[in-house]
Amino acid sequence: MPRWFYQLASPRWCYQITGKLLPGFAVAALLLLAGGSIWALMFAPADYQQGNSFRIIYLHVPSAILAQSAYMLMAVAGAIGLIWKMKVADMVLKSAAPIGASMAVLALATGAIWGKPTWGSWWVWDARLTSMLILFFLYLGVMALNSAIENESTAAQASAVLSLVGVVNIPIIKYSVEWWNTLHQPATFKLTEKPAMPAEMWVPLLVMVIGFYCLFAVSLMMRLRNEIIWRERRTGWVRELLIKQ
Amino acid sequence: MLTVQNLFCERDDRVLFNRLGFSVAPGEIIQIEGQNGSGKTTLMRILSGLSRHYEGDIFWRGEPVEQVRDDFCRDLLYFGHQAGVKAVLTPQENLRWYAALSPAINAADIDHALEQVGLRGFEDVPCHSLSAGQNRRVSLARLYLSKAPLWILDEPFTAIDKKGVAAKEALLLRHAQRGGSVILTTHHELGIRGPVRKINLDQCAGTST
Amino acid sequence: MLTVQNLFCERDDRVLFNRLGFSVAPGEIIQIEGQNGSGKTTLMRILSGLSRHYEGDIFWRGEPVEQVRDDFCRDLLYFGHQAGVKAVLTPQENLRWYAALSPAINAADIDHALEQVGLRGFEDVPCHSLSAGQNRRVSLARLYLSKAPLWILDEPFTAIDKKGVAAKEALLLRHAQRGGSVILTTHHELGIRGPVRKINLDQCAGTST
Amino acid sequence: MQTNSEDLQRQSLSGLFWATCRREYLLSFRRKSDLVNPLIFFLMVATLFPLGVSPEPGFLAQLAPGVVWVAALLSTLLSMDALFRSDYEDGSLEQLLLSPQPLFLVVLAKVLAHWSVTGLALTVMAPLLGLMLFLPAEGMPGLMLSLLLGTPTLSLVGAIGAALTVGLRKGGVLISLLVLPLYIPVLIFGSSAVQAAVTGLPLGGYLALLGALLALALGLAPLAISAALRISMSS
Amino acid sequence: MQTNSEDLQRQSLSGLFWATCRREYLLSFRRKSDLVNPLIFFLMVATLFPLGVSPEPGFLAQLAPGVVWVAALLSTLLSMDALFRSDYEDGSLEQLLLSPQPLFLVVLAKVLAHWSVTGLALTVMAPLLGLMLFLPAEGMPGLMLSLLLGTPTLSLVGAIGAALTVGLRKGGVLISLLVLPLYIPVLIFGSSAVQAAVTGLPLGGYLALLGALLALALGLAPLAISAALRISMSS
Amino acid sequence: MSFNSFSEFMAMGGHGLYVWLSYGLGLAVILINVILPRLQRNRLLAEQKRRLRREEGVR
Ligand code: HEM
Ligand SMILES: Nc1ncnc2c1ncn2[C@@H]1O[C@H](COP(=O)(O)OP(=O)(O)OP(=O)(O)O)[C@@H](O)[C@H]1O
Ligand SMILES: Nc1ncnc2c1ncn2[C@@H]1O[C@H](COP(=O)(O)OP(=O)(O)OP(=O)(O)O)[C@@H](O)[C@H]1O
Ligand SMILES: [Mg+2]
Ligand SMILES: [Mg+2]
């Protein structure tokens, strides 16, 4: 096991390193998101079919991607927490859940808003949409379990089990939902399959995706640091930290 | 047999005990004392391995208890605040399941144990129509069945009448004389003369009352 | 105040008591004794009006209790095996609701009562993170609030530590001295010197043990 | 003198009512999960249908009034079991029965508080479900009105079942057996009201019927609940 | 000697398994309501549909596969909460965790016993529901087979949720939030199998998928359940 | 630049409502993800400092 892995296990080291990384990520997130949005809203060309409503993609796709990645992160953290009893992993799990859930909400909301002008309906039971909705429910489950259990470490371990069970199920859910939908009816509306977008369309998308990842990192680190202070409030170093401030 | 070193536990920002250390030898009876809320139940749950919210070391026959969990469970009888008695089953059926749970117990002894705790004639009555004390007695019958050397008993005498308490005290003494050890809490003055050692949790980190 | 005549109760074809009769005068403390399963709890539930599985007559201040149920309830404080404490509420919130339930209770006294039972500093802690004894104490605080003359207490000292028991005994005595009456069960030897009368249920219809 | 004491008593009664309401709200806000869970259940039942039956909008729109109402009914039903159970288990119910205050008042307060965190919340959330099931926009007001009038009846009637089963070791499903038949009129009038709204027919009649049911339940249920509680506890 | 002791141990393990099964059966037969309630719930959900949606046979027949599966799912889900709760409340669960025997075995026995009084019973009763909802006769074998393969998975996955929420003061509804999303694949494959059977398409593929899910659940769930129980109890 | 005037920019070719609603929501979600942890941190630090002072005071 590499050395950083053991170091990461120390909340104190983790607190310090995130403190150093945080400003960089924050600046990157700000620049990328601001630049990306301006590019997306003002300079990217309108889609020849969907017109300007197409610009929603620059929020929709990053948030959808993030919602999925955050769950993966949660499951990995959960596994590490259960196997190596690493406290920081527990805290990462707990911190990632609300961010992931908010991303799922954004993906669902922007999708719904986009659906209205394109499909004439806020919602359809399409495979992708449905599996995103279920992912959102999975997040809600983890968060509800986390808040229902009072003891922090018990809560973290329980959520870890749940998110692992969930992650085993996600491919199954995705697969089953996709199959179900294509089976019942030939999809009336198809999400555009990786359109052969011109570069001026996908470059800002890439910028936004990276920006969202940076934002995710920022928010995760902020929540993680709070969590560390709370859990380690009894230790000497947090006491010093509090006195110093 | 059991050695506790440097045990620390806090709940809700209140330190229950700190640097608690003691060890239990075969043949010893240890009574944990303390006011309400001083942490007796918490300690019992930690010792039995139900709770992991502690810092410090617990050794079982010289090995860290986490590493010999299976052996430890084989040698342990835990009796908690709740009796572990199913209300719709009869005393007999309840004990039969306990016999299946611990391989050392001999299922044939159940009737004898029930008689010992004064439930003769109630073997076939569902436990929900037994009184509070009779329900506790069903669970106490496990003491007569068990062959485990270490007993951890959390307020075993709750709701038991005087005659019953005397009988149970005699049983504890007999267990100790055969080389077993007992850790128990009770607010009641033990009538056992013999190898009883008291540990007072109020002195480890007092609660204000 | 309370007069019981010719009370008969059986459960599962076993007669618990037969021709039980006694009366409770103001200033009296009556301790119901008996083995486990002798019918103490059953008697307490009958007296308080929770259970109607009996034959015989109960009079409250000379009138059949069924007919003056409302007055009787106003004058009664019942404390059962279960504490009646909501786990997610704090001791204060729990007691506040009891204050609303009985018009005679003064809500302003709650803090004082909690201090009396040794829960100072725990007023704001949800009861599920209190110990077994502390939970009982929350419920016992009602004794300090109540202005009811008749107290029916079923094993009020369960899980209470020695200091707490002594304080509660003093409280019972004070209540009796002020003209109240107490009917209680406990397996514990009461340390009250004074107007304690014992009624032994084993003699009414013995259980075999 | 007479009037004064009556006044005092009336005051203590309304005090009791509000104290009970406050306690119930405290209890459900203390554990937030209690609060959101019926809603989430409601949402999920509505999600299962497109998955289990068919995702086709036209077909779902036909189903929508019935499914939303069935979901509301089930979700109320399931939350019902907890109404008295925890009071029973921790002994508060004994204390309640022995209190000199009128039992039906406390019971009414409990049911009201329960309704406002389930039935009312379901009503507010119903349009979302309607959307998910492609209920035409014309149906929405009918949906909400019928739920607003129907769910209190569900809570009141459900509470009778809860009171009858509280002493049993596990009423969880027994309660549905007792209560579902009584829920059927509400279900029929409620879903008919929504269907009428969708097709543009007048729905005043259905709403009046739901209102009449509510008035009936409001008058009789508290007494039935109190009686049931006393019976359950006296064993 | 070595083999002998191993033999003995194996024997005690199977003894434990059967003792646990026997206890669970005793428990549910002792209070008969436990036994029939999921079935009655199942039946009633199916009854609500004709009432709430439309009594027309053709329309109901279209609905039937989905409704039966949704009802089975909900009814399993609701019975799930009780699986460990009573053991938790009376302290048996503590004893179970402190026993030297392998926990997952006891857990597996409990789930199996639970399934055989809910899932299996639902499967046997499903044709009745099919009849009530005018499911064409060709669909019946598919319905029963899919339920037979699907409901054990539901029980196993539900038990994970039950184990995670057992320490909480009220898991009743939380459990559905945790578990329902995980049930969706079973629902989809199950109802698709029935639909395939109705339309005369081959349903082997669906059944194979349900079987694969079951195998996966059978392999992983007991471990997850044991871990969850230990975690829930350690607070 | 795909737009000639500000009003055209706001109208988004008739889809202004949808686009601006989405971006509004996006901004809200982004802000929430940054502001909530920040507020939580302030509260946490204040609480812990108070606790520290209280304990120091007790000692
Ligand atoms: C509530 C409604 C919607 C939800 C939940 C949703 C969800 C998703 C998800 C999960 C992805 C996959 C992101 C990835 O991993 O690459 C995605 C991608 C995408 N969505 Fe949506 N969507 C919704 C509505 C829409 C609508 C209305 C449109 C446009 C007509 C749309 C267009 C796209 C496009 C173009 C992509 C990128 C495709 C790709 O990268 O593979 N979505 N959406
Ligand atoms: N619900 C019931 N149904 C039938 N019989 C019951 C029921 N509850 C109690 N009994 C029987 O009544 C007898 C008296 O029970 P009770 O609870 O009154 O005893 P108790 O004197 O309070 O005992 P303890 O000291 O153990 O509390 C018991 O032997 C029991 O068998
Ligand atoms: N689940 C919990 N969460 C947080 N704090 C708890 C919890 N359980 C107990 N505590 C706290 O721990 C302290 C010790 O509780 P414990 O049950 O160990 O006391 P005890 O010594 O057994 O008391 P008793 O004599 O009343 O049984 C209590 O003061 C209580 O405030
Ligand atoms: Mg204790
Ligand atoms: Mg008793």
# chains A, B, ... in the order shown; residues from 1 in each chain; ligands from 1
$ residues_around --residues "range 109-121 of chain E" --least-positions-apart "5" --cutoff "10 Å" --atoms "only C-alpha atoms" --output "PyMOL selection string"
chain E and resi 16-25+28-29+34-39+72-73+75-76+79-80+82-84+104+126+144+147-159+222
$ residues_near_ligand --ligand "ligand 2" --cutoff "7 Å" --atoms "only C-alpha atoms and all ligand atoms" --output "list in words"
His128, Ser129, Leu130, Ser131, Ala132, Gly133, Gln134, Ala159, Ile160 and Asp161 of chain B; Arg11, Asp12, Leu16, Gly34, Gln35, Asn36, Gly37, Ser38, Gly39, Lys40, Thr41, Thr42 and Leu43 of chain C; Ser235 of chain D
$ write_last_selection --atoms "N, CA, C and O atoms" --output "JSON list (two decimals), in the first residue's frame"
[["chain", "number", "residue", "atom", "x", "y", "z"],
["B", 128, "HIS", "N", -46.10, -14.07, 27.03],
["B", 128, "HIS", "CA", -46.78, -12.79, 27.23],
["B", 128, "HIS", "C", -47.81, -12.87, 28.33],
["B", 128, "HIS", "O", -48.26, -11.85, 28.83],
["B", 129, "SER", "N", -48.20, -14.09, 28.73],
["B", 129, "SER", "CA", -49.07, -14.09, 29.91],
["B", 129, "SER", "C", -48.31, -14.51, 31.16],
["B", 129, "SER", "O", -48.91, -15.06, 32.07],
["B", 130, "LEU", "N", -47.05, -14.20, 31.19],
["B", 130, "LEU", "CA", -46.31, -14.35, 32.44],
["B", 130, "LEU", "C", -46.07, -12.96, 33.02],
["B", 130, "LEU", "O", -46.12, -11.97, 32.31],
["B", 131, "SER", "N", -45.79, -12.91, 34.29],
["B", 131, "SER", "CA", -45.55, -11.61, 34.91],
["B", 131, "SER", "C", -44.15, -11.11, 34.56],
["B", 131, "SER", "O", -43.33, -11.84, 33.99],
["B", 132, "ALA", "N", -43.88, -9.86, 34.88],
["B", 132, "ALA", "CA", -42.58, -9.27, 34.59],
["B", 132, "ALA", "C", -41.45, -10.13, 35.15],
["B", 132, "ALA", "O", -40.48, -10.44, 34.46],
["B", 133, "GLY", "N", -41.59, -10.50, 36.41],
["B", 133, "GLY", "CA", -40.54, -11.28, 37.05],
["B", 133, "GLY", "C", -40.40, -12.66, 36.43],
["B", 133, "GLY", "O", -39.30, -13.16, 36.25],
["B", 134, "GLN", "N", -41.51, -13.26, 36.07],
["B", 134, "GLN", "CA", -41.43, -14.59, 35.46],
["B", 134, "GLN", "C", -40.74, -14.53, 34.11],
["B", 134, "GLN", "O", -39.98, -15.43, 33.76],
["B", 159, "ALA", "N", -36.81, -7.06, 39.06],
["B", 159, "ALA", "CA", -38.15, -7.65, 39.08],
["B", 159, "ALA", "C", -38.21, -9.05, 39.68],
["B", 159, "ALA", "O", -39.26, -9.68, 39.64],
["B", 160, "ILE", "N", -37.11, -9.54, 40.21],
["B", 160, "ILE", "CA", -37.11, -10.88, 40.81],
["B", 160, "ILE", "C", -37.42, -10.73, 42.31],
["B", 160, "ILE", "O", -36.94, -9.82, 42.96],
["B", 161, "ASP", "N", -38.22, -11.66, 42.84],
["B", 161, "ASP", "CA", -38.59, -11.55, 44.25],
["B", 161, "ASP", "C", -37.44, -12.02, 45.16],
["B", 161, "ASP", "O", -36.42, -12.50, 44.69],
["C", 11, "ARG", "N", -56.52, -15.74, 36.13],
["C", 11, "ARG", "CA", -55.95, -15.61, 34.80],
["C", 11, "ARG", "C", -55.55, -17.00, 34.36],
["C", 11, "ARG", "O", -54.91, -17.73, 35.10],
["C", 12, "ASP", "N", -55.93, -17.32, 33.15],
["C", 12, "ASP", "CA", -55.59, -18.64, 32.62],
["C", 12, "ASP", "C", -55.97, -19.74, 33.61],
["C", 12, "ASP", "O", -55.15, -20.62, 33.90],
["C", 16, "LEU", "N", -55.78, -15.83, 41.08],
["C", 16, "LEU", "CA", -54.67, -15.01, 41.61],
["C", 16, "LEU", "C", -54.99, -14.54, 43.01],
["C", 16, "LEU", "O", -54.18, -14.63, 43.91],
["C", 34, "GLY", "N", -45.57, -10.17, 47.36],
["C", 34, "GLY", "CA", -45.90, -11.44, 46.72],
["C", 34, "GLY", "C", -44.77, -11.88, 45.83],
["C", 34, "GLY", "O", -43.96, -11.07, 45.39],
["C", 35, "GLN", "N", -44.77, -13.15, 45.58],
["C", 35, "GLN", "CA", -43.76, -13.71, 44.69],
["C", 35, "GLN", "C", -43.97, -13.20, 43.28],
["C", 35, "GLN", "O", -44.98, -12.60, 42.97],
["C", 36, "ASN", "N", -43.01, -13.51, 42.42],
["C", 36, "ASN", "CA", -43.21, -13.22, 41.01],
["C", 36, "ASN", "C", -44.41, -14.00, 40.52],
["C", 36, "ASN", "O", -44.52, -15.20, 40.77],
["C", 37, "GLY", "N", -45.27, -13.28, 39.84],
["C", 37, "GLY", "CA", -46.44, -13.96, 39.28],
["C", 37, "GLY", "C", -47.57, -14.12, 40.26],
["C", 37, "GLY", "O", -48.53, -14.83, 39.99],
["C", 38, "SER", "N", -47.49, -13.45, 41.40],
["C", 38, "SER", "CA", -48.57, -13.64, 42.37],
["C", 38, "SER", "C", -49.73, -12.71, 42.07],
["C", 38, "SER", "O", -50.80, -12.86, 42.66],
["C", 39, "GLY", "N", -49.56, -11.76, 41.20],
["C", 39, "GLY", "CA", -50.69, -10.95, 40.79],
["C", 39, "GLY", "C", -50.64, -9.50, 41.23],
["C", 39, "GLY", "O", -51.66, -8.81, 41.21],
["C", 40, "LYS", "N", -49.47, -9.03, 41.58],
["C", 40, "LYS", "CA", -49.37, -7.65, 42.05],
["C", 40, "LYS", "C", -49.72, -6.67, 40.93],
["C", 40, "LYS", "O", -50.55, -5.78, 41.11],
["C", 41, "THR", "N", -49.07, -6.84, 39.79],
["C", 41, "THR", "CA", -49.34, -5.93, 38.70],
["C", 41, "THR", "C", -50.80, -6.00, 38.28],
["C", 41, "THR", "O", -51.43, -4.97, 38.03],
["C", 42, "THR", "N", -51.32, -7.20, 38.24],
["C", 42, "THR", "CA", -52.73, -7.36, 37.89],
["C", 42, "THR", "C", -53.60, -6.56, 38.86],
["C", 42, "THR", "O", -54.51, -5.84, 38.44],
["C", 43, "LEU", "N", -53.30, -6.65, 40.13],
["C", 43, "LEU", "CA", -54.08, -5.91, 41.13],
["C", 43, "LEU", "C", -53.96, -4.41, 40.92],
["C", 43, "LEU", "O", -54.97, -3.68, 40.96],
["D", 235, "SER", "N", -57.34, -5.30, 28.42],
["D", 235, "SER", "CA", -57.13, -6.75, 28.49],
["D", 235, "SER", "C", -56.04, -7.09, 29.50],
["D", 235, "SER", "O", -55.10, -6.35, 29.67]]
$ residues_around --residues "Gly91 in chain D" --least-positions-apart "2" --cutoff "12 Å" --atoms "only C-alpha atoms" --output "count of residues only"
28
$ residues_around --residues "Gly161 in chain D" --least-positions-apart "3" --cutoff "10 Å" --atoms "only C-alpha atoms" --output "list in words"
Leu77, Met80, Asp81, Ser155, Leu156, Val157, Gly158, Leu164, Thr165, Val166, Gly171, Leu174, Ile175, Ser176, Leu177, Leu178, Val179, Leu180, Leu182, Ala224, Ile225, Ala228 and Leu229 of chain D
$ residues_near_ligand --ligand "ligand 1" --cutoff "9 Å" --atoms "only C-alpha atoms and all ligand atoms" --output "PyMOL selection string"
chain A and resi 50+53-54+56-57+60-69+104-119+121-124+126-133+189-195
$ select_by_dssp --residues "range 45-165 of chain B" --states "strand (DSSP E)" --output "PyMOL selection string"
chain B and resi 55-60+63-64+76-79+150-154
$ write_last_selection --atoms "C-alpha atoms" --output "PDB file, in the first residue's frame"
ATOM      1  CA  GLU B  55     -10.840   3.434  23.155  1.00  0.00           C
ATOM      2  CA  GLY B  56      -8.463   1.179  24.987  1.00  0.00           C
ATOM      3  CA  ASP B  57      -7.627  -2.494  25.047  1.00  0.00           C
ATOM      4  CA  ILE B  58      -9.500  -5.565  26.112  1.00  0.00           C
ATOM      5  CA  PHE B  59      -7.718  -8.892  26.277  1.00  0.00           C
ATOM      6  CA  TRP B  60      -9.233 -12.308  26.522  1.00  0.00           C
ATOM      7  CA  GLU B  63      -5.075 -11.999  23.312  1.00  0.00           C
ATOM      8  CA  PRO B  64      -6.783  -8.864  22.022  1.00  0.00           C
ATOM      9  CA  LEU B  76     -19.388 -15.802  27.213  1.00  0.00           C
ATOM     10  CA  LEU B  77     -22.860 -15.595  28.622  1.00  0.00           C
ATOM     11  CA  TYR B  78     -24.361 -12.132  28.376  1.00  0.00           C
ATOM     12  CA  PHE B  79     -27.526 -11.095  30.101  1.00  0.00           C
ATOM     13  CA  LEU B 150     -17.512 -15.838  31.833  1.00  0.00           C
ATOM     14  CA  TRP B 151     -20.862 -14.371  32.781  1.00  0.00           C
ATOM     15  CA  ILE B 152     -21.668 -10.734  32.134  1.00  0.00           C
ATOM     16  CA  LEU B 153     -24.939  -9.844  33.813  1.00  0.00           C
ATOM     17  CA  ASP B 154     -26.556  -6.424  33.642  1.00  0.00           C
TER      18      ASP B 154
END
$ residues_around --residues "Phe9 in chain F" --least-positions-apart "2" --cutoff "12 Å" --atoms "only C-alpha atoms" --output "list in words"
Ile38, Leu41, Met42, Phe43, Ala46, Asn52 and Arg55 of chain A; Met1, Ser2, Phe3, Asn4, Ser5, Phe6, Ser7, Ala11, Met12, Gly13, Gly14, His15, Gly16, Leu17, Val19 and Trp20 of chain F
$ write_last_selection --atoms "N, CA, C and O atoms" --output "PDB file, in the first residue's frame"
ATOM      1  N   ILE A  38     -20.487  31.362 -19.980  1.00  0.00           N
ATOM      2  CA  ILE A  38     -20.549  32.482 -20.929  1.00  0.00           C
ATOM      3  C   ILE A  38     -20.379  31.972 -22.354  1.00  0.00           C
ATOM      4  O   ILE A  38     -21.148  32.314 -23.262  1.00  0.00           O
ATOM      5  N   LEU A  41     -23.570  30.120 -23.298  1.00  0.00           N
ATOM      6  CA  LEU A  41     -24.772  30.927 -23.499  1.00  0.00           C
ATOM      7  C   LEU A  41     -24.628  31.874 -24.679  1.00  0.00           C
ATOM      8  O   LEU A  41     -25.602  32.138 -25.381  1.00  0.00           O
ATOM      9  N   MET A  42     -23.418  32.395 -24.836  1.00  0.00           N
ATOM     10  CA  MET A  42     -23.287  33.470 -25.820  1.00  0.00           C
ATOM     11  C   MET A  42     -22.617  33.038 -27.108  1.00  0.00           C
ATOM     12  O   MET A  42     -23.008  33.494 -28.178  1.00  0.00           O
ATOM     13  N   PHE A  43     -21.650  32.159 -27.023  1.00  0.00           N
ATOM     14  CA  PHE A  43     -20.840  31.935 -28.221  1.00  0.00           C
ATOM     15  C   PHE A  43     -21.109  30.618 -28.918  1.00  0.00           C
ATOM     16  O   PHE A  43     -20.938  30.515 -30.121  1.00  0.00           O
ATOM     17  N   ALA A  46     -26.301  27.751 -31.926  1.00  0.00           N
ATOM     18  CA  ALA A  46     -27.553  27.080 -31.605  1.00  0.00           C
ATOM     19  C   ALA A  46     -27.672  25.801 -32.428  1.00  0.00           C
ATOM     20  O   ALA A  46     -27.098  25.700 -33.506  1.00  0.00           O
ATOM     21  N   ASN A  52     -32.103  27.306 -29.491  1.00  0.00           N
ATOM     22  CA  ASN A  52     -31.328  27.734 -28.335  1.00  0.00           C
ATOM     23  C   ASN A  52     -31.574  26.904 -27.088  1.00  0.00           C
ATOM     24  O   ASN A  52     -30.794  26.963 -26.147  1.00  0.00           O
ATOM     25  N   ARG A  55     -28.851  24.885 -25.401  1.00  0.00           N
ATOM     26  CA  ARG A  55     -27.828  25.360 -24.458  1.00  0.00           C
ATOM     27  C   ARG A  55     -27.971  24.744 -23.066  1.00  0.00           C
ATOM     28  O   ARG A  55     -27.065  24.843 -22.249  1.00  0.00           O
TER      29      ARG A  55
ATOM     30  N   MET F   1     -20.036  35.216 -31.123  1.00  0.00           N
ATOM     31  CA  MET F   1     -21.283  35.711 -30.534  1.00  0.00           C
ATOM     32  C   MET F   1     -22.460  35.263 -31.371  1.00  0.00           C
ATOM     33  O   MET F   1     -22.549  35.575 -32.555  1.00  0.00           O
ATOM     34  N   SER F   2     -23.387  34.508 -30.773  1.00  0.00           N
ATOM     35  CA  SER F   2     -24.510  34.033 -31.563  1.00  0.00           C
ATOM     36  C   SER F   2     -25.689  34.983 -31.522  1.00  0.00           C
ATOM     37  O   SER F   2     -26.696  34.730 -32.171  1.00  0.00           O
ATOM     38  N   PHE F   3     -25.596  36.039 -30.717  1.00  0.00           N
ATOM     39  CA  PHE F   3     -26.749  36.940 -30.593  1.00  0.00           C
ATOM     40  C   PHE F   3     -26.375  38.341 -31.008  1.00  0.00           C
ATOM     41  O   PHE F   3     -25.263  38.786 -30.807  1.00  0.00           O
ATOM     42  N   ASN F   4     -27.354  39.018 -31.579  1.00  0.00           N
ATOM     43  CA  ASN F   4     -27.080  40.367 -32.053  1.00  0.00           C
ATOM     44  C   ASN F   4     -27.429  41.431 -31.033  1.00  0.00           C
ATOM     45  O   ASN F   4     -26.828  42.483 -31.003  1.00  0.00           O
ATOM     46  N   SER F   5     -28.415  41.148 -30.212  1.00  0.00           N
ATOM     47  CA  SER F   5     -28.797  42.155 -29.230  1.00  0.00           C
ATOM     48  C   SER F   5     -29.083  41.493 -27.899  1.00  0.00           C
ATOM     49  O   SER F   5     -29.241  40.264 -27.818  1.00  0.00           O
ATOM     50  N   PHE F   6     -29.170  42.334 -26.882  1.00  0.00           N
ATOM     51  CA  PHE F   6     -29.396  41.787 -25.551  1.00  0.00           C
ATOM     52  C   PHE F   6     -30.767  41.149 -25.448  1.00  0.00           C
ATOM     53  O   PHE F   6     -30.931  40.075 -24.868  1.00  0.00           O
ATOM     54  N   SER F   7     -31.763  41.800 -26.063  1.00  0.00           N
ATOM     55  CA  SER F   7     -33.117  41.251 -25.950  1.00  0.00           C
ATOM     56  C   SER F   7     -33.199  39.912 -26.666  1.00  0.00           C
ATOM     57  O   SER F   7     -33.871  38.984 -26.221  1.00  0.00           O
ATOM     58  N   ALA F  11     -34.226  36.372 -25.043  1.00  0.00           N
ATOM     59  CA  ALA F  11     -35.338  35.598 -25.587  1.00  0.00           C
ATOM     60  C   ALA F  11     -34.909  34.193 -25.968  1.00  0.00           C
ATOM     61  O   ALA F  11     -35.707  33.260 -25.924  1.00  0.00           O
ATOM     62  N   MET F  12     -33.637  34.018 -26.327  1.00  0.00           N
ATOM     63  CA  MET F  12     -33.115  32.704 -26.699  1.00  0.00           C
ATOM     64  C   MET F  12     -33.968  32.056 -27.780  1.00  0.00           C
ATOM     65  O   MET F  12     -34.321  30.872 -27.692  1.00  0.00           O
ATOM     66  N   GLY F  13     -34.361  32.822 -28.724  1.00  0.00           N
ATOM     67  CA  GLY F  13     -35.127  32.264 -29.822  1.00  0.00           C
ATOM     68  C   GLY F  13     -36.425  31.629 -29.377  1.00  0.00           C
ATOM     69  O   GLY F  13     -36.788  30.558 -29.863  1.00  0.00           O
ATOM     70  N   GLY F  14     -37.070  32.250 -28.398  1.00  0.00           N
ATOM     71  CA  GLY F  14     -38.352  31.726 -27.936  1.00  0.00           C
ATOM     72  C   GLY F  14     -38.235  30.725 -26.809  1.00  0.00           C
ATOM     73  O   GLY F  14     -39.221  30.378 -26.174  1.00  0.00           O
ATOM     74  N   HIS F  15     -37.032  30.269 -26.552  1.00  0.00           N
ATOM     75  CA  HIS F  15     -36.847  29.293 -25.480  1.00  0.00           C
ATOM     76  C   HIS F  15     -36.269  29.917 -24.221  1.00  0.00           C
ATOM     77  O   HIS F  15     -35.749  29.215 -23.365  1.00  0.00           O
ATOM     78  N   GLY F  16     -36.374  31.242 -24.131  1.00  0.00           N
ATOM     79  CA  GLY F  16     -35.742  31.947 -23.014  1.00  0.00           C
ATOM     80  C   GLY F  16     -36.153  31.397 -21.665  1.00  0.00           C
ATOM     81  O   GLY F  16     -35.316  31.140 -20.810  1.00  0.00           O
ATOM     82  N   LEU F  17     -37.443  31.166 -21.510  1.00  0.00           N
ATOM     83  CA  LEU F  17     -37.936  30.688 -20.217  1.00  0.00           C
ATOM     84  C   LEU F  17     -37.184  29.425 -19.813  1.00  0.00           C
ATOM     85  O   LEU F  17     -36.664  29.317 -18.706  1.00  0.00           O
ATOM     86  N   VAL F  19     -34.352  28.071 -20.995  1.00  0.00           N
ATOM     87  CA  VAL F  19     -32.899  28.192 -20.812  1.00  0.00           C
ATOM     88  C   VAL F  19     -32.587  28.922 -19.519  1.00  0.00           C
ATOM     89  O   VAL F  19     -31.776  28.459 -18.709  1.00  0.00           O
ATOM     90  N   TRP F  20     -33.268  30.036 -19.293  1.00  0.00           N
ATOM     91  CA  TRP F  20     -32.916  30.816 -18.105  1.00  0.00           C
ATOM     92  C   TRP F  20     -33.363  30.120 -16.829  1.00  0.00           C
ATOM     93  O   TRP F  20     -32.689  30.201 -15.798  1.00  0.00           O
TER      94      TRP F  20
END
$ interface_residues --of "chain F" --to "chain B" --cutoff "12 Å" --atoms "only C-alpha atoms" --output "PyMOL selection string"
chain F and resi 48+51-52+55
$ calpha_fit_rmsd --fixed "chain D" --moving "chain E"
0.2 Å
$ residues_around --residues "Met208 in chain A" --least-positions-apart "2" --cutoff "6 Å" --atoms "only C-alpha atoms" --output "PyMOL selection string"
chain A and resi 33+36+205-206+210-211
$ write_last_selection --atoms "N, CA, C and O atoms" --output "short mmCIF file (atom, residue, chain, number, x, y, z; two decimals), in the first residue's frame"
data_model
loop_
_atom_site.label_atom_id
_atom_site.label_comp_id
_atom_site.auth_asym_id
_atom_site.auth_seq_id
_atom_site.Cartn_x
_atom_site.Cartn_y
_atom_site.Cartn_z
N LEU A 33 -16.32 27.42 -14.64
CA LEU A 33 -17.78 27.50 -14.69
C LEU A 33 -18.24 28.81 -15.30
O LEU A 33 -19.13 28.84 -16.15
N GLY A 36 -17.11 28.80 -18.97
CA GLY A 36 -17.90 27.81 -19.70
C GLY A 36 -19.32 28.29 -19.93
O GLY A 36 -19.87 28.14 -21.04
N LEU A 205 -18.67 22.25 -23.62
CA LEU A 205 -19.23 21.18 -22.80
C LEU A 205 -18.15 20.56 -21.95
O LEU A 205 -18.31 20.34 -20.74
N LEU A 206 -17.01 20.33 -22.58
CA LEU A 206 -15.88 19.75 -21.84
C LEU A 206 -15.46 20.68 -20.72
O LEU A 206 -15.21 20.26 -19.58
N ILE A 210 -15.46 19.70 -16.72
CA ILE A 210 -14.30 19.83 -15.82
C ILE A 210 -14.61 20.81 -14.70
O ILE A 210 -14.28 20.59 -13.53
N GLY A 211 -15.31 21.89 -15.06
CA GLY A 211 -15.70 22.85 -14.02
C GLY A 211 -16.56 22.21 -12.96
O GLY A 211 -16.36 22.45 -11.76
#
